>>> print(open('protein-v9.cif').read())   # mmCIF, C-alpha atoms
data_run
loop_
_atom_site.group_PDB
_atom_site.id
_atom_site.type_symbol
_atom_site.label_atom_id
_atom_site.label_comp_id
_atom_site.auth_asym_id
_atom_site.auth_seq_id
_atom_site.Cartn_x
_atom_site.Cartn_y
_atom_site.Cartn_z
ATOM 1 C CA MET A 1 0.000 0.000 0.000
ATOM 2 C CA PRO A 2 2.779 2.568 0.759
ATOM 3 C CA ASP A 3 4.202 1.929 -2.743
ATOM 4 C CA ALA A 4 0.773 2.475 -4.302
ATOM 5 C CA PHE A 5 0.415 5.780 -2.466
ATOM 6 C CA ALA A 6 3.890 6.869 -3.544
ATOM 7 C CA ASP A 7 3.006 5.932 -7.127
ATOM 8 C CA LEU A 8 -0.126 8.104 -6.934
ATOM 9 C CA LEU A 9 1.877 11.084 -5.685
ATOM 10 C CA ALA A 10 4.459 10.567 -8.435
ATOM 11 C CA THR A 11 1.733 10.437 -11.087
ATOM 12 C CA ILE A 12 0.224 13.694 -9.837
ATOM 13 C CA THR A 13 3.622 15.390 -9.840
ATOM 14 C CA THR A 14 4.148 14.277 -13.449
ATOM 15 C CA LEU A 15 0.730 15.579 -14.473
ATOM 16 C CA ARG A 16 1.543 19.018 -13.026
ATOM 17 C CA ALA A 17 5.127 19.175 -14.305
ATOM 18 C CA PRO A 18 6.209 20.910 -17.550
ATOM 19 C CA GLY A 19 5.213 18.611 -20.375
ATOM 20 C CA GLY A 20 2.452 17.098 -18.271
ATOM 21 C CA CYS A 21 -1.286 17.257 -18.904
ATOM 22 C CA PRO A 22 -2.421 20.741 -20.059
ATOM 23 C CA TRP A 23 -5.719 20.402 -18.179
ATOM 24 C CA ASP A 24 -4.070 19.346 -14.908
ATOM 25 C CA ARG A 25 -1.432 22.071 -15.193
ATOM 26 C CA LYS A 26 -4.130 24.685 -15.712
ATOM 27 C CA GLN A 27 -6.038 23.941 -12.492
ATOM 28 C CA THR A 28 -5.808 26.331 -9.555
ATOM 29 C CA LEU A 29 -6.185 25.393 -5.900
ATOM 30 C CA GLN A 30 -9.710 26.826 -5.992
ATOM 31 C CA ASP A 31 -10.554 24.662 -9.017
ATOM 32 C CA ALA A 32 -9.211 21.519 -7.380
ATOM 33 C CA ALA A 33 -11.020 22.219 -4.105
ATOM 34 C CA ARG A 34 -14.313 22.536 -5.993
ATOM 35 C CA TYR A 35 -13.722 19.238 -7.785
ATOM 36 C CA LEU A 36 -12.922 17.641 -4.440
ATOM 37 C CA LEU A 37 -16.403 18.623 -3.254
ATOM 38 C CA ASP A 38 -17.884 16.986 -6.365
ATOM 39 C CA GLU A 39 -15.977 13.758 -5.689
ATOM 40 C CA ALA A 40 -17.139 13.746 -2.067
ATOM 41 C CA ALA A 41 -20.757 14.043 -3.240
ATOM 42 C CA GLU A 42 -20.268 11.102 -5.619
ATOM 43 C CA LEU A 43 -18.860 9.062 -2.737
ATOM 44 C CA VAL A 44 -21.999 9.825 -0.716
ATOM 45 C CA GLU A 45 -24.174 8.670 -3.624
ATOM 46 C CA ALA A 46 -22.252 5.389 -3.920
ATOM 47 C CA ALA A 47 -22.534 4.806 -0.171
ATOM 48 C CA LEU A 48 -26.286 5.494 -0.218
ATOM 49 C CA ALA A 49 -26.647 3.015 -3.070
ATOM 50 C CA ASP A 50 -24.761 0.438 -0.955
ATOM 51 C CA ASP A 51 -22.393 -0.030 -3.890
ATOM 52 C CA PRO A 52 -19.023 -1.262 -2.500
ATOM 53 C CA ARG A 53 -17.340 -1.182 -5.896
ATOM 54 C CA GLY A 54 -18.585 2.338 -6.498
ATOM 55 C CA VAL A 55 -17.460 3.425 -3.016
ATOM 56 C CA ARG A 56 -13.989 2.046 -3.691
ATOM 57 C CA GLU A 57 -13.769 3.905 -6.997
ATOM 58 C CA GLU A 58 -15.003 7.171 -5.508
ATOM 59 C CA LEU A 59 -12.605 6.857 -2.572
ATOM 60 C CA GLY A 60 -9.806 6.633 -5.139
ATOM 61 C CA ASP A 61 -11.081 9.752 -6.905
ATOM 62 C CA LEU A 62 -11.403 11.585 -3.592
ATOM 63 C CA LEU A 63 -7.888 10.565 -2.556
ATOM 64 C CA PHE A 64 -6.565 11.743 -5.916
ATOM 65 C CA MET A 65 -8.224 15.159 -5.575
ATOM 66 C CA THR A 66 -6.953 15.551 -1.991
ATOM 67 C CA CYS A 67 -3.397 14.802 -3.125
ATOM 68 C CA PHE A 68 -3.897 16.988 -6.189
ATOM 69 C CA CYS A 69 -4.864 19.948 -3.955
ATOM 70 C CA CYS A 70 -1.760 19.356 -1.866
ATOM 71 C CA GLU A 71 0.458 19.168 -4.975
ATOM 72 C CA ILE A 72 -0.819 22.553 -6.153
ATOM 73 C CA LEU A 73 -0.297 24.019 -2.671
ATOM 74 C CA SER A 74 3.243 22.598 -2.544
ATOM 75 C CA GLU A 75 4.154 24.670 -5.578
ATOM 76 C CA ARG A 76 4.011 27.821 -3.429
ATOM 77 C CA GLU A 77 4.287 26.488 0.138
ATOM 78 C CA ASP A 78 6.775 24.129 1.804
ATOM 79 C CA VAL A 79 4.338 21.277 2.331
ATOM 80 C CA ASP A 80 3.640 17.800 0.974
ATOM 81 C CA MET A 81 1.139 15.007 1.624
ATOM 82 C CA HIS A 82 3.427 13.358 4.156
ATOM 83 C CA ALA A 83 3.520 16.576 6.195
ATOM 84 C CA VAL A 84 -0.272 16.917 5.852
ATOM 85 C CA ALA A 85 -0.751 13.316 7.005
ATOM 86 C CA ALA A 86 1.625 13.815 9.943
ATOM 87 C CA ALA A 87 -0.196 16.963 11.055
ATOM 88 C CA GLY A 88 -3.580 15.250 10.744
ATOM 89 C CA ASN A 89 -2.394 12.240 12.713
ATOM 90 C CA ALA A 90 -0.906 14.421 15.443
ATOM 91 C CA LYS A 91 -4.191 16.339 15.737
ATOM 92 C CA LEU A 92 -6.209 13.118 16.085
ATOM 93 C CA ILE A 93 -3.925 11.812 18.813
ATOM 94 C CA ARG A 94 -3.918 15.175 20.632
ATOM 95 C CA ARG A 95 -7.707 15.422 20.580
ATOM 96 C CA HIS A 96 -8.260 11.836 21.791
ATOM 97 C CA PRO A 97 -6.510 11.789 25.165
ATOM 98 C CA HIS A 98 -9.057 9.220 26.365
ATOM 99 C CA VAL A 99 -7.665 6.811 23.747
ATOM 100 C CA PHE A 100 -3.982 7.761 23.483
ATOM 101 C CA GLY A 101 -3.482 9.262 26.961
ATOM 102 C CA ASP A 102 -4.620 8.970 30.543
ATOM 103 C CA ALA A 103 -7.933 10.836 30.271
ATOM 104 C CA GLN A 104 -11.256 9.043 30.668
ATOM 105 C CA ALA A 105 -14.429 9.333 28.600
ATOM 106 C CA SER A 106 -17.287 6.954 29.317
ATOM 107 C CA ASP A 107 -19.613 8.174 26.573
ATOM 108 C CA THR A 108 -19.830 10.357 23.466
ATOM 109 C CA THR A 109 -20.800 13.433 25.520
ATOM 110 C CA GLU A 110 -17.619 13.302 27.593
ATOM 111 C CA SER A 111 -15.421 12.614 24.560
ATOM 112 C CA GLN A 112 -16.980 15.553 22.695
ATOM 113 C CA GLN A 113 -16.472 17.843 25.689
ATOM 114 C CA GLN A 114 -12.803 16.898 25.777
ATOM 115 C CA TRP A 115 -12.519 17.475 22.033
ATOM 116 C CA ASN A 116 -14.067 20.953 22.325
ATOM 117 C CA ALA A 117 -11.871 21.876 25.312
ATOM 118 C CA ILE A 118 -8.725 20.879 23.419
ATOM 119 C CA LYS A 119 -9.842 22.853 20.359
ATOM 120 C CA ALA A 120 -10.385 25.903 22.579
ATOM 121 C CA GLN A 121 -6.896 25.519 24.046
ATOM 122 C CA GLU A 122 -5.417 25.274 20.553
ATOM 123 C CA LYS A 123 -7.094 28.583 19.678
ATOM 124 C CA ARG A 124 -5.602 30.234 22.763
ATOM 125 C CA GLU A 125 -2.152 28.996 21.767
ATOM 126 C CA ARG A 126 -2.675 30.632 18.362
ATOM 127 C CA GLY A 127 -3.531 33.914 20.054
ATOM 128 C CA GLU A 128 -7.280 33.581 19.479
ATOM 129 C CA ASP A 129 -9.883 34.007 22.204
ATOM 130 C CA PRO A 130 -12.376 31.102 22.044
ATOM 131 C CA ASP A 131 -14.490 32.733 24.760
ATOM 132 C CA THR A 132 -15.467 35.603 22.447
ATOM 133 C CA ALA A 133 -16.291 33.383 19.481
ATOM 134 C CA SER A 134 -19.856 32.363 18.708
ATOM 135 C CA VAL A 135 -20.870 28.860 19.718
ATOM 136 C CA LEU A 136 -22.225 28.538 16.166
ATOM 137 C CA LYS A 137 -19.282 27.178 14.216
ATOM 138 C CA GLU A 138 -18.525 28.871 10.914
ATOM 139 C CA LEU A 139 -19.304 26.653 7.935
ATOM 140 C CA PRO A 140 -18.204 26.978 4.301
ATOM 141 C CA ALA A 141 -20.588 28.810 1.999
ATOM 142 C CA ALA A 142 -20.960 25.589 -0.008
ATOM 143 C CA THR A 143 -22.413 23.725 2.995
ATOM 144 C CA ALA A 144 -25.812 22.238 2.169
ATOM 145 C CA PRO A 145 -28.514 24.337 3.905
ATOM 146 C CA LEU A 146 -30.094 21.325 5.627
ATOM 147 C CA HIS A 147 -26.732 20.325 7.084
ATOM 148 C CA GLN A 148 -26.027 23.935 8.065
ATOM 149 C CA ALA A 149 -29.305 24.045 10.002
ATOM 150 C CA TYR A 150 -28.441 20.722 11.661
ATOM 151 C CA ARG A 151 -25.009 21.984 12.725
ATOM 152 C CA PHE A 152 -26.313 25.308 14.039
ATOM 153 C CA GLN A 153 -28.977 23.523 16.096
ATOM 154 C CA LYS A 154 -26.411 21.022 17.408
ATOM 155 C CA ASP A 155 -24.004 23.792 18.417
ATOM 156 C CA ALA A 156 -26.766 25.720 20.193
ATOM 157 C CA ALA A 157 -27.947 22.560 21.967
ATOM 158 C CA GLU A 158 -24.457 21.983 23.394
ATOM 159 C CA VAL A 159 -24.843 25.133 25.516
ATOM 160 C CA GLY A 160 -28.398 24.260 26.591
ATOM 161 C CA PHE A 161 -30.424 26.109 23.948
ATOM 162 C CA ASP A 162 -32.679 23.167 23.144
ATOM 163 C CA TRP A 163 -36.094 21.703 23.781
ATOM 164 C CA PRO A 164 -36.199 19.409 26.842
ATOM 165 C CA ASP A 165 -37.742 16.572 24.823
ATOM 166 C CA LEU A 166 -38.881 15.562 21.363
ATOM 167 C CA ALA A 167 -42.489 16.507 22.148
ATOM 168 C CA GLY A 168 -41.508 20.158 22.354
ATOM 169 C CA VAL A 169 -39.802 20.024 18.974
ATOM 170 C CA ARG A 170 -42.830 18.295 17.445
ATOM 171 C CA ALA A 171 -45.152 20.931 18.883
ATOM 172 C CA LYS A 172 -42.944 23.618 17.358
ATOM 173 C CA LEU A 173 -43.405 22.001 13.954
ATOM 174 C CA ASP A 174 -47.207 22.165 14.379
ATOM 175 C CA GLU A 175 -46.868 25.841 15.297
ATOM 176 C CA GLU A 176 -44.761 26.566 12.214
ATOM 177 C CA LEU A 177 -47.168 24.657 9.950
ATOM 178 C CA ALA A 178 -50.059 26.761 11.272
ATOM 179 C CA GLU A 179 -48.100 29.946 10.571
ATOM 180 C CA MET A 180 -47.312 28.686 7.079
ATOM 181 C CA ASP A 181 -51.027 28.131 6.449
ATOM 182 C CA GLU A 182 -51.697 31.724 7.517
ATOM 183 C CA ALA A 183 -49.025 32.970 5.128
ATOM 184 C CA LEU A 184 -50.471 30.884 2.293
ATOM 185 C CA ALA A 185 -53.865 32.421 2.918
ATOM 186 C CA SER A 186 -52.379 35.922 2.769
ATOM 187 C CA ASP A 187 -50.715 35.256 -0.592
ATOM 188 C CA ASP A 188 -47.693 37.202 0.663
ATOM 189 C CA ARG A 189 -44.718 35.666 -1.163
ATOM 190 C CA ALA A 190 -42.131 36.958 1.296
ATOM 191 C CA ALA A 191 -44.130 35.671 4.278
ATOM 192 C CA ILE A 192 -44.658 32.299 2.581
ATOM 193 C CA GLU A 193 -40.922 31.890 1.966
ATOM 194 C CA HIS A 194 -40.211 32.892 5.559
ATOM 195 C CA GLU A 195 -42.645 30.347 7.009
ATOM 196 C CA ILE A 196 -41.566 27.534 4.689
ATOM 197 C CA GLY A 197 -38.020 28.141 5.935
ATOM 198 C CA ASP A 198 -39.240 27.900 9.525
ATOM 199 C CA VAL A 199 -41.045 24.621 8.767
ATOM 200 C CA LEU A 200 -37.927 23.120 7.197
ATOM 201 C CA PHE A 201 -35.833 24.296 10.158
ATOM 202 C CA ALA A 202 -38.260 22.632 12.579
ATOM 203 C CA VAL A 203 -38.178 19.371 10.614
ATOM 204 C CA VAL A 204 -34.371 19.422 10.737
ATOM 205 C CA ASN A 205 -34.610 19.874 14.498
ATOM 206 C CA ILE A 206 -36.729 16.733 14.772
ATOM 207 C CA ALA A 207 -34.138 14.862 12.706
ATOM 208 C CA ARG A 208 -31.358 16.117 14.970
ATOM 209 C CA ARG A 209 -33.144 14.952 18.122
ATOM 210 C CA LEU A 210 -33.495 11.506 16.529
ATOM 211 C CA HIS A 211 -29.820 11.464 15.419
ATOM 212 C CA ILE A 212 -30.776 11.453 11.748
ATOM 213 C CA GLN A 213 -28.735 13.471 9.248
ATOM 214 C CA PRO A 214 -31.376 15.501 7.378
ATOM 215 C CA ASP A 215 -29.273 15.954 4.245
ATOM 216 C CA MET A 216 -28.763 12.194 4.001
ATOM 217 C CA ALA A 217 -32.497 11.611 4.522
ATOM 218 C CA MET A 218 -33.172 14.143 1.751
ATOM 219 C CA ARG A 219 -30.714 12.438 -0.604
ATOM 220 C CA ARG A 220 -32.424 9.106 0.022
ATOM 221 C CA VAL A 221 -35.914 10.443 -0.678
ATOM 222 C CA ASN A 222 -34.652 12.199 -3.821
ATOM 223 C CA ASN A 223 -33.185 8.924 -5.039
ATOM 224 C CA ARG A 224 -36.414 7.073 -4.283
ATOM 225 C CA PHE A 225 -38.433 9.659 -6.194
ATOM 226 C CA ARG A 226 -36.046 9.530 -9.158
ATOM 227 C CA ASP A 227 -36.109 5.723 -9.394
ATOM 228 C CA ARG A 228 -39.879 5.505 -9.074
ATOM 229 C CA PHE A 229 -40.495 8.310 -11.565
ATOM 230 C CA HIS A 230 -38.187 6.654 -14.100
ATOM 231 C CA LEU A 231 -40.454 3.585 -13.954
ATOM 232 C CA VAL A 232 -43.495 5.806 -14.443
ATOM 233 C CA GLU A 233 -41.840 7.340 -17.508
ATOM 234 C CA GLN A 234 -41.160 3.884 -18.909
ATOM 235 C CA GLU A 235 -44.876 3.057 -18.786
ATOM 236 C CA PHE A 236 -45.586 6.061 -20.992
ATOM 237 C CA SER A 237 -42.585 5.802 -23.288
ATOM 238 C CA ALA A 238 -44.476 4.844 -26.446
ATOM 239 C CA PRO A 239 -44.919 7.738 -28.949
ATOM 240 C CA GLN A 240 -48.659 7.197 -29.043
ATOM 241 C CA ARG A 241 -48.885 7.415 -25.264
ATOM 242 C CA PRO A 242 -46.604 10.236 -24.022
ATOM 243 C CA LEU A 243 -46.400 10.963 -20.316
ATOM 244 C CA ALA A 244 -47.525 14.562 -20.749
ATOM 245 C CA GLN A 245 -50.850 13.351 -22.154
ATOM 246 C CA ALA A 246 -51.537 10.847 -19.380
ATOM 247 C CA SER A 247 -54.149 11.763 -16.796
ATOM 248 C CA LEU A 248 -53.177 12.341 -13.179
ATOM 249 C CA GLU A 249 -55.091 9.177 -12.245
ATOM 250 C CA GLU A 250 -53.041 7.143 -14.752
ATOM 251 C CA MET A 251 -49.787 8.574 -13.455
ATOM 252 C CA GLU A 252 -50.816 7.932 -9.840
ATOM 253 C CA ALA A 253 -51.586 4.304 -10.702
ATOM 254 C CA ALA A 254 -48.216 3.951 -12.424
ATOM 255 C CA TRP A 255 -46.544 5.533 -9.383
ATOM 256 C CA ARG A 256 -48.141 2.973 -7.067
ATOM 257 C CA ARG A 257 -46.901 0.160 -9.316
ATOM 258 C CA ALA A 258 -43.416 1.642 -9.348
ATOM 259 C CA LYS A 259 -43.427 1.963 -5.568
ATOM 260 C CA LEU A 260 -44.458 -1.670 -5.234
ATOM 261 C CA ALA A 261 -41.882 -2.833 -7.777
ATOM 262 C CA LEU A 262 -39.054 -1.095 -5.894
ATOM 263 C CA ALA A 263 -40.267 -1.881 -2.380
ATOM 264 C CA ASP A 264 -37.703 -4.630 -1.729
ATOM 265 C CA ARG A 265 -34.797 -2.484 -2.937
ATOM 266 C CA GLU A 266 -35.866 0.503 -0.842
ATOM 267 C CA ASP A 267 -36.206 -1.393 2.441
#
>>> encode(input="protein-v9.cif", output="structure tokens")
Amino acid sequence: MPDAFADLLATITTLRAPGGCPWDRKQTLQDAARYLLDEAAELVEAALADDPRGVREELGDLLFMTCFCCEILSEREDVDMHAVAAAGNAKLIRRHPHVFGDAQASDTTESQQQWNAIKAQEKRERGEDPDTASVLKELPAATAPLHQAYRFQKDAAEVGFDWPDLAGVRAKLDEELAEMDEALASDDRAAIEHEIGDVLFAVVNIARRLHIQPDMAMRRVNNRFRDRFHLVEQEFSAPQRPLAQASLEEMEAAWRRAKLALADRED
């Protein structure tokens, strides 16, 4: 495995070198970072599909893009993947004293508290004041909105800003749905958008309390819809029977058949 990793790094260096691939040589760090996000999304899709071969392929693509980003950075900074790996490994060991040191952590709450305390100390050593920073961690602009809501709610909950139980969160959703109905009745577009956002935020909060990642749940339902709708389209693929000319009742019946046909795969 070490030889394979060294071979990958050598290949990337060749691609970026004079006489290498024009496309690879043209890429900036910003370009490569964006492609890395794309590869990460494809890895998620393969994992959701429970496709081991696809996961393996996407892991390779993701590893390539990570090393590619580092290669571009190394052209202006004194850094390489070995230094990046060493720094990452040192950080993991430092932030897990309950595994690699004498500290104790009996559950995830205690281990997370230790992690946060060590992060705060690292900020102090860098001259930053963690006590003046918001408890809401800054997230990249590209962060999916559902995941951003999840993270904000999780951060706030860690300092006690949370409902005492799931019933309170569920009641909040009912309240937001009622307010959305009022906005719909007013036909005020700005108010409707506002209330729909509140409804989505409340649903994410329910997911968080149940330890469900809302963005993953959304990906799964999107995939289910896509697969079922493709089957519906197939039923109306003949030129003399186009989907656009089918009645809603016909499409609903086809949808039920598609749902039944895919039931085993979706379980």
>>> closest_residue(input="protein-v9.cif", among="A:Ala41, A:Ile72, A:Asp31, A:Leu166", to="Thr143 in chain A", atoms="all atoms listed in the file")
A:Ala41
>>> closest_residue(input="protein-v9.cif", among="A:Lys91, A:Thr13, A:Ala253, A:Ala49", to="Ser74 in chain A", atoms="all atoms listed in the file")
A:Thr13
>>> resolve_selection(input="protein-v9.cif", expression="the PyMOL selection byres ((chain A and resi 208-223) around 12)", output="JSON, numbers by chain")
{"A": [41, 42, 44, 45, 46, 47, 48, 49, 50, 143, 144, 145, 146, 147, 148, 149, 150, 151, 152, 153, 154, 155, 156, 157, 162, 163, 164, 165, 166, 167, 168, 169, 170, 200, 201, 202, 203, 204, 205, 206, 207, 224, 225, 226, 227, 228, 229, 230, 262, 265, 266, 267]}
>>> atom_distance(input="protein-v9.cif", atom1="CA of Glu182 in chain A", atom2="CA of Val199 in chain A")
12.9 Å
>>> atom_distance(input="protein-v9.cif", atom1="CA of Ala117 in chain A", atom2="CA of Ala86 in chain A")
22.0 Å
>>> resolve_selection(input="protein-v9.cif", expression="the PyMOL selection byres ((chain A and resi 176) around 8)", output="ChimeraX atom specification")
/A:172-175,177-180,195,198-199,202
>>> residues_near_point(input="protein-v9.cif", point="(-11.9, 24.5, 21.2)", cutoff="12 Å", atoms="only C-alpha atoms", output="JSON, numbers by chain")
{"A": [95, 112, 113, 114, 115, 116, 117, 118, 119, 120, 121, 122, 123, 124, 125, 126, 128, 129, 130, 131, 132, 133, 134, 135, 137]}
>>> atom_distance(input="protein-v9.cif", atom1="CA of Asp51 in chain A", atom2="CA of Leu36 in chain A")
20.1 Å
>>> residues_around(input="protein-v9.cif", residues="Ala10 in chain A", least_positions_apart="3", cutoff="12 Å", atoms="all atoms listed in the file", output="number ranges by chain")
A: 3-7, 13-17, 20, 64, 67-68, 71, 80-81
>>> residues_around(input="protein-v9.cif", residues="Glu250 in chain A", least_positions_apart="6", cutoff="12 Å", atoms="only C-alpha atoms", output="list in words")
Val232, Glu233, Glu235, Phe236, Arg241, Pro242, Leu243, Ala244, Arg256 and Arg257 of chain A
>>> closest_residue(input="protein-v9.cif", among="A:Glu252, A:Leu63, A:Pro22, A:Arg34", to="Ala141 in chain A", atoms="all atoms listed in the file")
A:Arg34
